[in-house]
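Novice: What follows is a single structure, and I will ask about it in a moment.
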Amino acid sequence: MKIKNLKYIASVFVALTFSQYGCNKALDLDPLDQIADANYWKTANDFKLFANQFYSWRRDFGSSVYDSPHSDKRSDLLTSASPNLFSNGTNTVPPTDGNYTSAFARIRTVNTLLERAGTYSNPAEIARYVAEAKFFRAYVYFELLQLYGDITIVDKLLETGSPELSAARNPRSEVADFIIADLQAAAPDLPLQSEIQSADAGRLTRGTAQSFLSRVALYEGTWQKFRNNTSRAVQLLDVAAKAAKDVINSNQYSLFKPAALGDSAQKYMFILEDAKSNPAGLKKADNKEYIFVNRHDEVLNPIGQNITHESFANVQYITRKFANLYLTQNGLPIGHANNSQFQGYATMVSEFQNRDNRMRYTLMPANKPYWRENKPRVNWTGDAADRASAAYTSFLPTFNSGYHNQKWAAERAVPSMSEGYDYPIIRYAEVLLNYAEAVFERDNAISDQDLDLSLNPVRQRVNASMPALTNVFVTTNNLDMRTEIRRERTIELYNEGFRIDDLKRWKTAEAEMPQEMLGIKWTGTEFQTRWAGVTRPRNAEGALIMETGRQWLEKHYLFPIPADQLKLNPSLGQNPDW
Amino acid sequence: MRTLCKESAGKYCLMILLTLVWSGISFAQEAWVTGKVIDAKTNETIIGASVKIKGSKTGVTTDVNGNFRLNAAASSVLQISYLGYVSAEVPVTGNGTLTIRLNADENLLEEVVVVGYGSQRKETLTGSIAKVDAKSFQDKGSLPSPLQALQGQVPGVIITRSSSAPGDESWSMKLRGAVSANSTDPLVIIDGVAADSFRDLRLINPSDIDNISFLKDAAAAIYGSRAAGGVVLVTTKKGKQGKTTVEYNGSFTRKQVGLQPELMSLDEWANGVIQARTNDGFGADDVWISYANLALANKGGYIDLSKNANPISGAFTDVADFVFADNNWSDVLWGGANSTQHDFSISSATDKSAYRLSLGYLNDDGILKYGTNTNKRYNIRLTNSLNVNQNFSIESVIAYNRQDQVSPTMLGNTLGQNYPQPGLPVASLNGKPYAWGGQYTPNWFAELGGDNKLNVSSINISETLKYKIVKGLQFVGNLGYNTSSANRDIKQNSIDWYTYAGGISPARVNPTQAASYFQESNARTDFYSASGYFQYNKTIQADHNITATAGAQYERREYDYTMGKVLDINSSLSVLSGAGVNTTGKEKNHEAIGAYFARLNYDFRAKYLFELMGRYDGSSKFLPVNRWNAFYGLSAGWRISEEKIVKSLGAFNDLKLRASYGIVGNQSGIDRYDGQPLYNSSINTGAFIGTGKLTFISPAGTMVSYDRTWEKINNYNLALDFAILSNRLSGTFEVFEKTNNNMLLSQTYAAVLGASAPAANIGKFEANGWDGILNWSDKIGSLTYRIGGAVTYAKNEITDFGGNNVIGQGYNARVQGRPLNSIFGLRYAGRIQSAEERQAYLDKYVVGNGIGLTSAIKVGDNMFADLNNDGVLNINDLEYLGTDDPQLSYSFNAGVEYKNFDFSVIFQGAGERTTFRDDVNWRIPFRSVYLNTTNQSVGDSWTPDNQDAFFPRYSTDGTINTYNYQASSWSVENGAYLRLKNIVIGYTLPQTLVRKSGAFSRLRVYVSGSDLWEVSKINDGWDPEATRTVSAFQRYPFNRVYTAGIQANF
């Protein structure tokens, strides 16, 4: 090679490497695997795809059956091997709180869609997704309202310098109005249940928005009522009653009450799957009661929690208080003076006799067979072969509290974690009970007609012969209408994440929560002989004491604001007494 | 010519050579001179030494016996030279055979140090540059990474590890510690081309490394925006002037399990359960007390519940049997393993060209006794250089590195947080996986759960062209290309679990067939680099030496990742085929850096030294307006020993004072595309709506930045080099300070913002420390010996977090006013010893506390101090307890050579580390009653009879355990240690013996051991080097390693 050539090559090389043009141009690089905002928000489908993520935020078994702010484990109905801090009133101010932080991240995401929607050329095209965004903003804010009371309202995309970051919280009434406004704005733009295409099954409906509105307005209405803010309460309870009525009148939903399942209808609704999961072989499509669900499927979207293991006579210790709430078939409480149907506690099964049928399908009476996912039903007939396969061929309840749970436990053969029944976020029975309670609390009275429209169908779904709750029945038997409405709600919605929120809004937690948590009556009953060596203390009546020394202070009606947020913005102010 | 001269044909070659020489100079007045060249110290013959007649071009090289013969005039002088030796001049004295003794060049000052875009003599160096050479990697057995050989031994270089899992050792390297809350890993340059990450060093064969330079201070500024963590320049071996060298190194290594926590025996566990449950107020009817008593009564036996009534009525309804084996699950899982390494190289060089070809093979087996767990590395490296003519040369390095690693897919299940209670058997009676209710014996996940196979193929090409334009001016161009392709095949099989009797129940399948999967991923990284620079040397009036370098560089990195996963597979297939759901993943990005750089060196008589360097960098990550930035470094040195007055003292062989200052950059905390709000697309992973899971678009999570730029780090260094007592004692001591005044931080804002704020240049960070090295070497008769040590002390502090900063209990990555990775906790205030003490403590603090204190505490539980004396125990009482990063790192070494024996030993240690173990199940006895825990607490937990115990009373109550074991001055661990890192005994066979064999020119055998002994202050049984988070790979105990090896030259 000649020297001249070498020089030529070298100078080309130098020219290339030193070219400022080449360098700058070669440094302009665009994203390859992410979408830039400027290229998005061009079609209605862009809004739909963005709205899709909201559905990941819904409650599921993990946020209800397992320990979480709304779980019955934090109420007076359930306890477990180790005491729950929130239930016994020993929870403290947490350094950080994911409930708080993630809620605001979600609100920002919703606001992103709403802000981009504001400049979209054809608003009608995207009205449904804007409605979905508003519903989910309301959904997230209701969570914040229930947990913390006063909370900062954010309805736009904030910057690091926005005043909201250092502002005081908005009062809860403003928050409630904000939620209600979002839900009322969302409802008309959402389709009816019957209009939902199969590809959209599980998406929001007008009924969902209205049902949720009844829940929110009832919550805030009763909260205000029992804190002596009557005029505000009446106004909110009216919203609640009307929203529930809208759902009833829409004729889109009905209670799950197939004749083939008889008095076990309610039980099998909770574990309904498309594989055979009940003696009648009914499938999810047969259920018109679920209004808003987190859908599961054994293959496509299994529950992913050890749900049967959790629910089947194991970690959930049911309290005596809950067991005693069930009426007898004559419609009377067990302690009622005229109640001849109640059989007392002498044997392990006596208290289950003549009771509301939901009792024997939710709890586990002794001496009966019970199946679970790994010891499943084989032919659903309950014959000898079926019984031989059971986890308990003849259940002996002599452990834990003596009362055992079976709600949410599968009976069919299915790998653990792969159960596929849906989680009902809102079901029609709740809407009916919301209606009854909203009307009663609004008017301090409820007509028999309204009771027959709402509460009585729920009660009589599996108790065909139980007398309806009427004003006469109440008067005749010297009952209290409010107590009976609340009883029905507690029984029907047990273990679905309502109880502790109900006690808070009724302002009865201070009376209910400090009570000792009891198990079965042991002294002088069959248990005493069948369950020797019990070391748990018994109370005066002879019932096992599962948990004592509980407390509920005024501060426990709201969660504390997490310490980190208070430090980041001292103007937030801590909730009272924390 | 020389390449023809293989030993076998040596005599023949010599004859040709002689004939040629004879024909050229036969008529001069000359005579034959014969001689032998040997090492002055060892008397070993030197093969291939150059013997020239001074002032002529006539010369020969010594033969295989060190002999030479040439025709020389009687008055002439012979010049004898050989690389690594001081050249000698010997006058031709007439008849007889000359014996020429060459002294090994031990004068370190002659060393040449690679400094980035060039090299410098060590004597005129002004920057802080530590250098290690090939010796560091010898005798260490199989080395999965070169870093393994350097731990603690290079001043200023802090190397830590977190696992001994083959291929997943997770070595970390920091030059003088962190300089930012963002990652500041050093930039690694291999033969002039940047590596993607310092982790790529694991792919290199350590025995291919000729030397490594660690640029610790402003000397790194020539690499500008990426030099914040320092720069590591790796130079691989080249063909060396001289005869063809063929070399083989082989070693066999045996690994034994080192320190690890021991789990409780069945007796210890059962008694502990009884004690814990009794403490919690449970009576004899408690299921776990019943179970523990059953275990004690039936040790070694089992109860089949299909044949016997359940002795614990109503409980354990999901189990088929009670087995009371007495297994130590640590011993079940871990055992010895072997590894081997073989390296072969052939090299040669002439004036015109040089080459070196090397092959390397490493096979490293894991100590996990179940499943396949190996790492294999294959290396080929070919280095060629060609001097095209006097002015133009090309050097070419081509390397192919391959890593084949296999580990169990379900390693996380095997080494997760479940440590079975000791009763669980290793297998069912018929040798099948055993499950006890929902608890699965962990070994079978590794054994049957499928393999996770990683194949990394990387090709590195570096082409360097050097062209001398005129005298003193040279152009150097480099083209580099690295491509690396990482393929990962993960198979997860369905596993059937059995009862002890060998029966199977349908639900005991885990993972289920539906959850079985095959995942295939490919990550490809292409890296292109082009650089060119001019270098100019000029000496003016013999006193002023000037070297100037200026050039430009463009580097671009392309990354492409694809992933496919399918569920419900046929386990015999290893392709993406299955009946279940298919998911795919894709990631693709690119980034580029353009740069101009320059350096000016000036010295006056090699006595006063100055250096100035700068770099102007542009990055694709920023918006064009923020894109370009300048970095620079300047340094000066004063060789005091060159001053006449000092020289006259005769005390100092070398004495040099150096100082430097510079600004280097860091861009590790920055995402790729500033100024654009980005959305991620998630395919079929959302909520289950319609007929499948939703696809959705979601915000990328962080708000957009429009104004950030590189972190700029001020780097100060002051150093003293010295050598005294005829170079026998030498050392360097340096102090440094680094400040980062525009650290990129994602400021924490109130959560109502709803997104993470973009990182902004709002923080401040300071680091300082010192490092040094001291070596003594001497000989006594034929015994030579050396001792030395290296030490690094580096501490850092986030001086400004740029906003509010919330301290959490336990580990905190970043806290203002504290070092990175700080541990905060309560101050332990002793143990409750009486009911009165308990009541007083509760009365004082239970109301409104934020530390989980409840009235459930009892005598025997811990107390904590109200540090701020506000009457409330909460987050405000946390105190700083130390940092998880060792601030002190050091080593001592000693070596002796006597006749044919050599011995060396290295101790290595670290200090000033506080760690807080994350894994609660390991740390808290009986936190989960159905699991086992480490036996550290046995006999050392509080009871009324043992009030001085280290551990609080046993409890299974979550509230109590969380309270007692929360981060506090009591629950943190002191991570200081000293360990015997390496010990070697070698024997070089005598030349006479070796030569007789005919096959070898040198043969050495050695045995060595690594990590054989240590002292540590850890209370929980883990190795002092173990990580805070001891899960999965981090649970691999470090090994005691024994190696036998051979080094042969042919």
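For the structure tokens, the naming scheme is as follows: chains receive sequential letters (A, B, ...) according to their order of presentation, residues are indexed from 1 within each chain, and ligands are indexed from 1 in presentation order.
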Just need the residues of chain B within 6 Å of chain A, counting only C-alpha atoms, so spit them out as a list of chain:residue names.

Specialist: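 Putting it all together, I get B:Gly283, B:Asp285, B:Gly314, B:Ala507, B:Ala552, B:Glu587, B:Lys588, B:Asn589, B:Ala592, B:Gly594, B:Ser620, B:Pro677, B:Leu678, B:Tyr679, B:Asn680, B:Ala687, B:Ile689, B:Gly690, B:Phe696, B:Ile697, B:Ala750, B:Ala751, B:Val752, B:Leu753, B:Gly754, B:Ala755, B:Val806, B:Gly850.
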
Novice: Keeping only N, CA and C atoms, write those residues as a short mmCIF file (atom, residue, chain, number, x, y, z; two decimals), in the first residue's frame.

Specialist:
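After the write, selection-v7.cif holds the following:
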```cif
data_model
loop_
_atom_site.label_atom_id
_atom_site.label_comp_id
_atom_site.auth_asym_id
_atom_site.auth_seq_id
_atom_site.Cartn_x
_atom_site.Cartn_y
_atom_site.Cartn_z
N GLY B 283 -52.36 -23.18 75.59
CA GLY B 283 -52.28 -24.31 76.51
C GLY B 283 -51.94 -25.59 75.78
N ASP B 285 -53.69 -27.79 74.67
CA ASP B 285 -54.57 -28.18 73.56
C ASP B 285 -54.22 -27.47 72.28
N GLY B 314 -59.29 -32.05 64.47
CA GLY B 314 -59.76 -30.81 63.89
C GLY B 314 -58.71 -29.99 63.20
N ALA B 507 -54.99 -32.56 44.01
CA ALA B 507 -54.74 -31.13 44.12
C ALA B 507 -53.29 -30.82 44.43
N ALA B 552 -11.62 12.69 18.38
CA ALA B 552 -13.08 12.68 18.49
C ALA B 552 -13.57 11.24 18.52
N GLU B 587 -38.71 -5.04 23.74
CA GLU B 587 -38.07 -3.84 24.25
C GLU B 587 -37.02 -3.45 23.22
N LYS B 588 -36.94 -2.18 22.93
CA LYS B 588 -36.00 -1.76 21.91
C LYS B 588 -35.60 -0.33 22.21
N ASN B 589 -34.34 -0.06 22.23
CA ASN B 589 -33.92 1.33 22.44
C ASN B 589 -32.54 1.56 21.87
N ALA B 592 -26.74 7.28 22.00
CA ALA B 592 -25.47 7.58 21.35
C ALA B 592 -24.77 8.70 22.09
N GLY B 594 -21.54 11.49 21.33
CA GLY B 594 -20.50 12.04 20.46
C GLY B 594 -19.54 12.83 21.34
N SER B 620 -27.50 11.59 23.27
CA SER B 620 -28.84 11.53 22.66
C SER B 620 -29.94 11.58 23.70
N PRO B 677 -43.67 13.08 27.00
CA PRO B 677 -44.46 12.18 27.85
C PRO B 677 -44.59 10.84 27.13
N LEU B 678 -44.34 9.77 27.83
CA LEU B 678 -44.35 8.46 27.19
C LEU B 678 -45.40 7.56 27.81
N TYR B 679 -45.92 6.67 26.99
CA TYR B 679 -46.88 5.68 27.47
C TYR B 679 -46.37 4.29 27.17
N ASN B 680 -46.66 3.40 28.08
CA ASN B 680 -46.31 2.00 27.86
C ASN B 680 -47.53 1.24 27.36
N ALA B 687 -57.12 -6.36 33.05
CA ALA B 687 -58.26 -7.01 33.66
C ALA B 687 -58.91 -7.98 32.68
N ILE B 689 -61.71 -8.94 30.78
CA ILE B 689 -62.94 -8.34 30.25
C ILE B 689 -63.22 -9.02 28.92
N GLY B 690 -64.50 -9.28 28.63
CA GLY B 690 -64.84 -9.95 27.38
C GLY B 690 -64.28 -11.35 27.38
N PHE B 696 -53.74 -2.60 27.41
CA PHE B 696 -53.95 -1.22 27.83
C PHE B 696 -52.70 -0.36 27.68
N ILE B 697 -52.96 0.91 27.61
CA ILE B 697 -51.90 1.91 27.51
C ILE B 697 -51.87 2.65 28.84
N ALA B 750 -45.35 15.36 47.63
CA ALA B 750 -46.56 14.85 48.25
C ALA B 750 -47.26 13.93 47.26
N ALA B 751 -47.85 12.85 47.78
CA ALA B 751 -48.43 11.83 46.91
C ALA B 751 -49.54 12.37 46.03
N VAL B 752 -50.17 13.49 46.41
CA VAL B 752 -51.26 14.01 45.59
C VAL B 752 -50.78 14.36 44.19
N LEU B 753 -49.49 14.55 44.00
CA LEU B 753 -48.96 14.81 42.66
C LEU B 753 -49.35 13.68 41.72
N GLY B 754 -49.33 12.46 42.22
CA GLY B 754 -49.84 11.32 41.46
C GLY B 754 -48.84 10.68 40.54
N ALA B 755 -47.64 11.21 40.47
CA ALA B 755 -46.61 10.60 39.63
C ALA B 755 -45.27 10.93 40.23
N VAL B 806 -37.92 11.55 53.66
CA VAL B 806 -38.55 10.78 54.72
C VAL B 806 -37.67 9.60 55.08
N GLY B 850 -45.74 4.75 67.51
CA GLY B 850 -45.72 4.38 66.09
C GLY B 850 -44.74 3.25 65.82
#
```

Novice: Please, which residues of stretch 195-376 of chain A, numbered as in this document, come out strand (DSSP E or B) from DSSP, as a short mmCIF file (atom, residue, chain, number, x, y, z; two decimals) with N, CA and C atoms, in the first residue's frame?

Specialist:
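And here is the file that came out, part04.cif:
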```
data_model
loop_
_atom_site.label_atom_id
_atom_site.label_comp_id
_atom_site.auth_asym_id
_atom_site.auth_seq_id
_atom_site.Cartn_x
_atom_site.Cartn_y
_atom_site.Cartn_z
N TYR A 290 -75.20 -10.19 39.71
CA TYR A 290 -73.95 -9.46 39.81
C TYR A 290 -73.97 -8.25 38.88
N ILE A 291 -73.81 -7.06 39.45
CA ILE A 291 -73.86 -5.82 38.68
C ILE A 291 -72.47 -5.42 38.20
N PHE A 292 -71.51 -5.58 39.07
CA PHE A 292 -70.14 -5.19 38.73
C PHE A 292 -69.22 -6.22 39.35
N VAL A 293 -68.48 -6.90 38.52
CA VAL A 293 -67.69 -8.02 39.02
C VAL A 293 -66.24 -7.93 38.57
N ASN A 294 -65.37 -8.50 39.37
CA ASN A 294 -64.01 -8.77 38.94
C ASN A 294 -64.04 -10.21 38.48
N ASP A 297 -61.57 -16.81 35.77
CA ASP A 297 -61.75 -18.00 34.99
C ASP A 297 -60.59 -18.93 35.31
N ASN A 301 -58.10 -16.40 33.84
CA ASN A 301 -57.81 -15.46 34.92
C ASN A 301 -58.17 -16.06 36.28
N TYR A 317 -62.03 -17.22 61.91
CA TYR A 317 -62.77 -17.66 63.11
C TYR A 317 -64.03 -16.81 63.22
N ILE A 318 -65.19 -17.43 62.95
CA ILE A 318 -66.44 -16.68 63.03
C ILE A 318 -66.81 -16.46 64.51
N THR A 328 -84.60 -17.00 63.32
CA THR A 328 -85.19 -18.32 63.13
C THR A 328 -86.23 -18.21 62.01
N ARG A 355 -83.21 -22.23 61.63
CA ARG A 355 -82.65 -20.90 61.44
C ARG A 355 -82.74 -20.47 59.98
N LEU A 363 -72.13 -20.96 57.33
CA LEU A 363 -71.34 -21.62 58.38
C LEU A 363 -71.36 -23.13 58.11
N TYR A 370 -68.47 -32.07 54.03
CA TYR A 370 -68.08 -30.84 53.34
C TYR A 370 -66.94 -31.13 52.38
N ARG A 372 -64.11 -29.71 49.40
CA ARG A 372 -63.28 -28.58 49.03
C ARG A 372 -62.53 -28.92 47.74
N LYS A 375 -60.55 -32.07 47.88
CA LYS A 375 -61.38 -33.23 48.28
C LYS A 375 -62.77 -32.92 47.75
#
```

Novice: Set the distance at 12 Å and use only C-alpha atoms: which residues neighbour A:Ala543 once local chain neighbours fewer than 4 positions away are removed? I'd like the list as a tab-separated table (two decimals) with N, CA and C atoms, in the first residue's frame.

Specialist:
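Here's the written file around_19.tsv:
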```tsv
chain	number	residue	atom	x	y	z
A	319	THR	N	-67.36	-15.29	64.79
A	319	THR	CA	-67.72	-15.01	66.19
A	319	THR	C	-69.16	-15.42	66.47
A	320	ARG	N	-69.38	-15.66	67.73
A	320	ARG	CA	-70.69	-16.04	68.22
A	320	ARG	C	-71.70	-14.93	67.94
A	321	LYS	N	-71.19	-13.68	67.96
A	321	LYS	CA	-72.09	-12.57	67.71
A	321	LYS	C	-72.73	-12.70	66.34
A	345	TYR	N	-78.36	-24.24	72.74
A	345	TYR	CA	-76.97	-24.58	72.41
A	345	TYR	C	-76.55	-25.96	72.93
A	401	SER	N	-62.81	-21.32	66.74
A	401	SER	CA	-63.88	-20.76	67.58
A	401	SER	C	-65.05	-21.71	67.69
A	402	GLY	N	-65.00	-22.82	66.93
A	402	GLY	CA	-66.12	-23.74	66.93
A	402	GLY	C	-67.16	-23.40	65.88
A	403	TYR	N	-67.17	-22.16	65.43
A	403	TYR	CA	-68.00	-21.76	64.28
A	403	TYR	C	-67.08	-21.69	63.07
A	516	GLU	N	-65.99	-8.41	73.62
A	516	GLU	CA	-65.16	-9.62	73.52
A	516	GLU	C	-65.58	-10.41	72.30
A	517	MET	N	-64.62	-11.02	71.63
A	517	MET	CA	-64.95	-11.90	70.52
A	517	MET	C	-65.06	-13.29	71.08
A	518	LEU	N	-66.23	-13.90	70.85
A	518	LEU	CA	-66.53	-15.18	71.48
A	518	LEU	C	-66.64	-16.29	70.45
A	519	GLY	N	-66.43	-17.51	70.95
A	519	GLY	CA	-66.65	-18.70	70.12
A	519	GLY	C	-67.92	-19.40	70.61
A	520	ILE	N	-67.98	-20.68	70.35
A	520	ILE	CA	-69.19	-21.45	70.71
A	520	ILE	C	-69.38	-21.49	72.24
A	521	LYS	N	-70.59	-21.78	72.65
A	521	LYS	CA	-70.84	-22.01	74.07
A	521	LYS	C	-70.34	-23.41	74.39
A	522	TRP	N	-69.42	-23.48	75.32
A	522	TRP	CA	-68.72	-24.74	75.60
A	522	TRP	C	-69.24	-25.36	76.89
A	523	THR	N	-69.31	-24.53	77.90
A	523	THR	CA	-69.69	-25.06	79.21
A	523	THR	C	-71.13	-25.58	79.17
A	524	GLY	N	-71.29	-26.80	79.57
A	524	GLY	CA	-72.63	-27.37	79.67
A	524	GLY	C	-73.23	-27.78	78.35
A	525	THR	N	-72.44	-27.80	77.29
A	525	THR	CA	-72.99	-28.23	76.01
A	525	THR	C	-72.26	-29.49	75.55
A	527	PHE	N	-70.21	-29.66	73.34
A	527	PHE	CA	-68.81	-29.32	73.09
A	527	PHE	C	-67.93	-29.68	74.28
A	528	GLN	N	-68.49	-29.50	75.45
A	528	GLN	CA	-67.66	-29.75	76.64
A	528	GLN	C	-67.16	-31.20	76.66
A	534	VAL	N	-59.92	-27.79	76.40
A	534	VAL	CA	-59.92	-26.41	75.93
A	534	VAL	C	-59.29	-25.52	77.00
A	536	ARG	N	-58.80	-22.13	76.32
A	536	ARG	CA	-59.26	-20.75	76.16
A	536	ARG	C	-60.20	-20.43	77.32
A	537	PRO	N	-60.11	-19.25	77.83
A	537	PRO	CA	-61.03	-18.87	78.91
A	537	PRO	C	-62.48	-18.83	78.39
A	538	ARG	N	-63.42	-19.02	79.30
A	538	ARG	CA	-64.85	-18.92	78.94
A	538	ARG	C	-65.43	-17.73	79.67
A	539	ASN	N	-66.44	-17.17	79.07
A	539	ASN	CA	-67.10	-16.05	79.76
A	539	ASN	C	-68.17	-16.60	80.71
A	547	GLU	N	-61.02	-13.36	71.85
A	547	GLU	CA	-60.23	-12.14	71.92
A	547	GLU	C	-60.87	-11.21	72.93
```

Novice: Write down as a ChimeraX atom specification the residues of stretch 202-241 of chain A whose backbone DSSP state falls under helix (DSSP H, G or I).

Specialist: /A:206-225,230-241

Novice: Between A:Asp450, A:Asp246, A:Asp150, A:Asp182, which one has atoms that come closest to A:Phe136, using only C-alpha atoms?

Specialist: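 The closest residue to A:Phe136 is A:Asp182.
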